[in-house]
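S.K.: What follows is a structure written as structure tokens; I'll ask about it next.
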Amino acid sequence: MSATDSPAHPRFTAALDELGLADLIGEVRRFPEATRTAQEAAAAIGCELSQICKSLIFAADGVPVLVLMDGASRVDLELVRWELCAAKVTRAKADVVRETTGYAIGGVQPFGHATKTRVLADRSLLNHEVVWAAAGTPHAVFPMTPKDLINHANGTLVDVRELAK
């Protein structure tokens, strides 16, 4: 499948080309129903919720940071704050997400963003052979091994998952 025929966002397919991952273009799957949330994506794909890789933008002392988290877990902002030696970490507003990544919430993929952003990847992603992530739109996803995904995102492996209380 060529990049022009892909169900992925054109900038995402360009990012795959730049990373030498053009073969992944044919792996992108588009669904008529939105895959904006981890629950929607897992239901559409037919996989476990934890096999979804969420790409979440936070602001650490006002600086955007991307956190890659498995779909069944929540990010512990205190652990992110500690990991980044930041005074305050908050969830980024929609306009900051779009400005930082070039994509709307629900379609943010783990790499190929508008700006270079620090990336933290939660170790829980490594619990699976394959995870699914957004491909630039709220209707498209792609599969990749967690190790490769984290590597191509230039992610730092961390433990920032909120533990059950």
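So you can find residues: chains in the structure tokens are A, B, ... in the order shown, residues in each start at 1, and ligands are numbered from 1 in order.
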Using backbone DSSP assignments, extract all strand (DSSP E or B) residues from segment 7-165 of chain A; output them as a PyMOL selection string.

M.R.: chain A and resi 29-30+52-60+63-70+75+89-91+118-122+131-134+140-144+156-158+161

S.K.: Extract, using only C-alpha atoms, all DNA, RNA and protein residues at most 12 Å from Ala87 of chain A, discarding same-chain residues fewer than 2 positions from it, and format them as a list in words.

M.R.: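 Contacts, with the query itself left out: Ala59, Ala60, Asp61, Gly62, Val63, Leu77, Glu78, Leu79, Val80, Arg81, Trp82, Glu83, Leu84, Cys85, Val89 and Thr90 of chain A.
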
S.K.: Skip Ala133 of chain A itself and residues of its chain fewer than 6 positions away, then list as a list in words all residues within 7 Å of it, counting only C-alpha atoms.

M.R.: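 Answer for this query is Ile52, Cys53, Lys54, Gln109, Val141, Phe142 and Pro143 of chain A.
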
S.K.: Let me see the file: selected residues, N, CA and C atoms, as a JSON list (two decimals), in the first residue's frame.

M.R.:
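Writing the result to again.json gives the following:
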```
[["chain", "number", "residue", "atom", "x", "y", "z"],
["A", 52, "ILE", "N", -3.21, -1.37, 24.12],
["A", 52, "ILE", "CA", -3.30, -0.05, 23.48],
["A", 52, "ILE", "C", -2.22, 0.83, 24.09],
["A", 53, "CYS", "N", -1.47, 1.52, 23.24],
["A", 53, "CYS", "CA", -0.47, 2.47, 23.72],
["A", 53, "CYS", "C", -1.06, 3.87, 23.62],
["A", 54, "LYS", "N", -1.34, 4.46, 24.76],
["A", 54, "LYS", "CA", -1.85, 5.83, 24.79],
["A", 54, "LYS", "C", -0.66, 6.79, 24.69],
["A", 109, "GLN", "N", -0.04, 10.06, 17.77],
["A", 109, "GLN", "CA", 0.78, 8.86, 17.69],
["A", 109, "GLN", "C", 2.04, 9.04, 18.53],
["A", 141, "VAL", "N", -5.18, 3.12, 13.59],
["A", 141, "VAL", "CA", -4.20, 2.58, 14.54],
["A", 141, "VAL", "C", -3.19, 1.72, 13.80],
["A", 142, "PHE", "N", -2.06, 1.46, 14.44],
["A", 142, "PHE", "CA", -1.05, 0.58, 13.86],
["A", 142, "PHE", "C", -0.44, -0.27, 14.95],
["A", 143, "PRO", "N", 0.04, -1.49, 14.59],
["A", 143, "PRO", "CA", 0.68, -2.37, 15.55],
["A", 143, "PRO", "C", 2.21, -2.24, 15.49]]
```

S.K.: Which of these residues is nearest to Val160 of chain A, using only C-alpha atoms: A:Lys93, A:Ala104, A:Ala15, A:Asp122?

M.R.: A:Asp122

S.K.: Which distance in Å separates atom CA of Pro64 of chain A and atom CA of Leu120 of chain A, to one decimal?

M.R.: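 Distance reported for this atom pair: 11.4 Å.
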
S.K.: Which residue, A:Leu24, A:Ala44, A:Leu16, A:Leu163, has the smallest gap to Thr145 of chain A when you use only C-alpha atoms?

M.R.: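 Closest candidate: A:Leu24.
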
S.K.: Which residues, written as a PyMOL selection string, have at least one atom at most 10 Å from Arg36 of chain A, with only C-alpha atoms counted and residues fewer than 5 positions away on the same chain left out?

M.R.: chain A and resi 41+54+104-108+134+137-141

S.K.: Generate a file of the selected residues that holds all heavy atoms, formatted as a short mmCIF file (atom, residue, chain, number, x, y, z; two decimals), in the first residue's frame.

M.R.:
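Just written: out36.cif:
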```
data_model
loop_
_atom_site.label_atom_id
_atom_site.label_comp_id
_atom_site.auth_asym_id
_atom_site.auth_seq_id
_atom_site.Cartn_x
_atom_site.Cartn_y
_atom_site.Cartn_z
N ALA A 41 -10.55 1.80 20.99
CA ALA A 41 -9.54 1.15 20.15
C ALA A 41 -9.47 -0.35 20.43
O ALA A 41 -9.45 -1.16 19.50
CB ALA A 41 -8.17 1.80 20.37
N LYS A 54 -1.34 4.46 24.76
CA LYS A 54 -1.85 5.83 24.79
C LYS A 54 -0.66 6.79 24.69
O LYS A 54 0.36 6.58 25.33
CB LYS A 54 -2.60 6.11 26.10
CG LYS A 54 -3.79 5.20 26.32
CD LYS A 54 -4.61 5.59 27.54
CE LYS A 54 -3.92 5.24 28.84
NZ LYS A 54 -4.81 5.39 30.01
N ALA A 104 -4.79 16.20 16.93
CA ALA A 104 -5.81 16.38 17.96
C ALA A 104 -5.76 15.23 18.95
O ALA A 104 -5.33 14.12 18.62
CB ALA A 104 -7.19 16.45 17.32
N ILE A 105 -6.22 15.49 20.17
CA ILE A 105 -6.34 14.44 21.19
C ILE A 105 -7.18 13.31 20.60
O ILE A 105 -8.20 13.54 19.96
CB ILE A 105 -6.98 15.00 22.47
CG1 ILE A 105 -6.04 16.01 23.13
CG2 ILE A 105 -7.35 13.88 23.43
CD1 ILE A 105 -6.66 16.77 24.28
N GLY A 106 -6.74 12.08 20.80
CA GLY A 106 -7.43 10.91 20.26
C GLY A 106 -6.78 10.39 18.99
O GLY A 106 -7.10 9.30 18.55
N GLY A 107 -5.86 11.17 18.42
CA GLY A 107 -5.16 10.73 17.21
C GLY A 107 -3.66 10.88 17.32
O GLY A 107 -2.94 10.68 16.35
N VAL A 108 -3.18 11.24 18.52
CA VAL A 108 -1.75 11.48 18.71
C VAL A 108 -1.00 10.15 18.69
O VAL A 108 -1.29 9.25 19.46
CB VAL A 108 -1.49 12.21 20.05
CG1 VAL A 108 0.01 12.37 20.30
CG2 VAL A 108 -2.18 13.57 20.06
N ALA A 134 -2.21 5.07 18.03
CA ALA A 134 -2.89 5.93 17.05
C ALA A 134 -1.96 6.23 15.87
O ALA A 134 -0.75 6.35 16.04
CB ALA A 134 -3.33 7.23 17.71
N THR A 137 -4.95 9.89 13.37
CA THR A 137 -6.38 10.25 13.33
C THR A 137 -7.11 9.46 14.41
O THR A 137 -6.61 8.43 14.86
CB THR A 137 -7.04 9.93 11.97
OG1 THR A 137 -7.37 8.55 11.91
CG2 THR A 137 -6.16 10.33 10.79
N PRO A 138 -8.30 9.91 14.80
CA PRO A 138 -9.08 9.16 15.80
C PRO A 138 -9.73 7.89 15.24
O PRO A 138 -10.50 7.25 15.92
CB PRO A 138 -10.16 10.15 16.25
CG PRO A 138 -9.85 11.44 15.62
CD PRO A 138 -8.87 11.22 14.53
N HIS A 139 -9.42 7.53 14.00
CA HIS A 139 -10.00 6.33 13.38
C HIS A 139 -8.96 5.32 12.92
O HIS A 139 -9.30 4.27 12.38
CB HIS A 139 -10.86 6.73 12.17
CG HIS A 139 -12.08 7.49 12.54
ND1 HIS A 139 -13.27 6.90 12.89
CD2 HIS A 139 -12.28 8.83 12.64
CE1 HIS A 139 -14.14 7.83 13.19
NE2 HIS A 139 -13.58 9.00 13.04
N ALA A 140 -7.66 5.63 13.08
CA ALA A 140 -6.61 4.76 12.55
C ALA A 140 -5.60 4.38 13.63
O ALA A 140 -5.23 5.21 14.45
CB ALA A 140 -5.89 5.45 11.39
N VAL A 141 -5.18 3.12 13.59
CA VAL A 141 -4.20 2.58 14.54
C VAL A 141 -3.19 1.72 13.80
O VAL A 141 -3.44 1.28 12.68
CB VAL A 141 -4.89 1.75 15.66
CG1 VAL A 141 -5.77 2.61 16.54
CG2 VAL A 141 -5.69 0.60 15.05
#
```
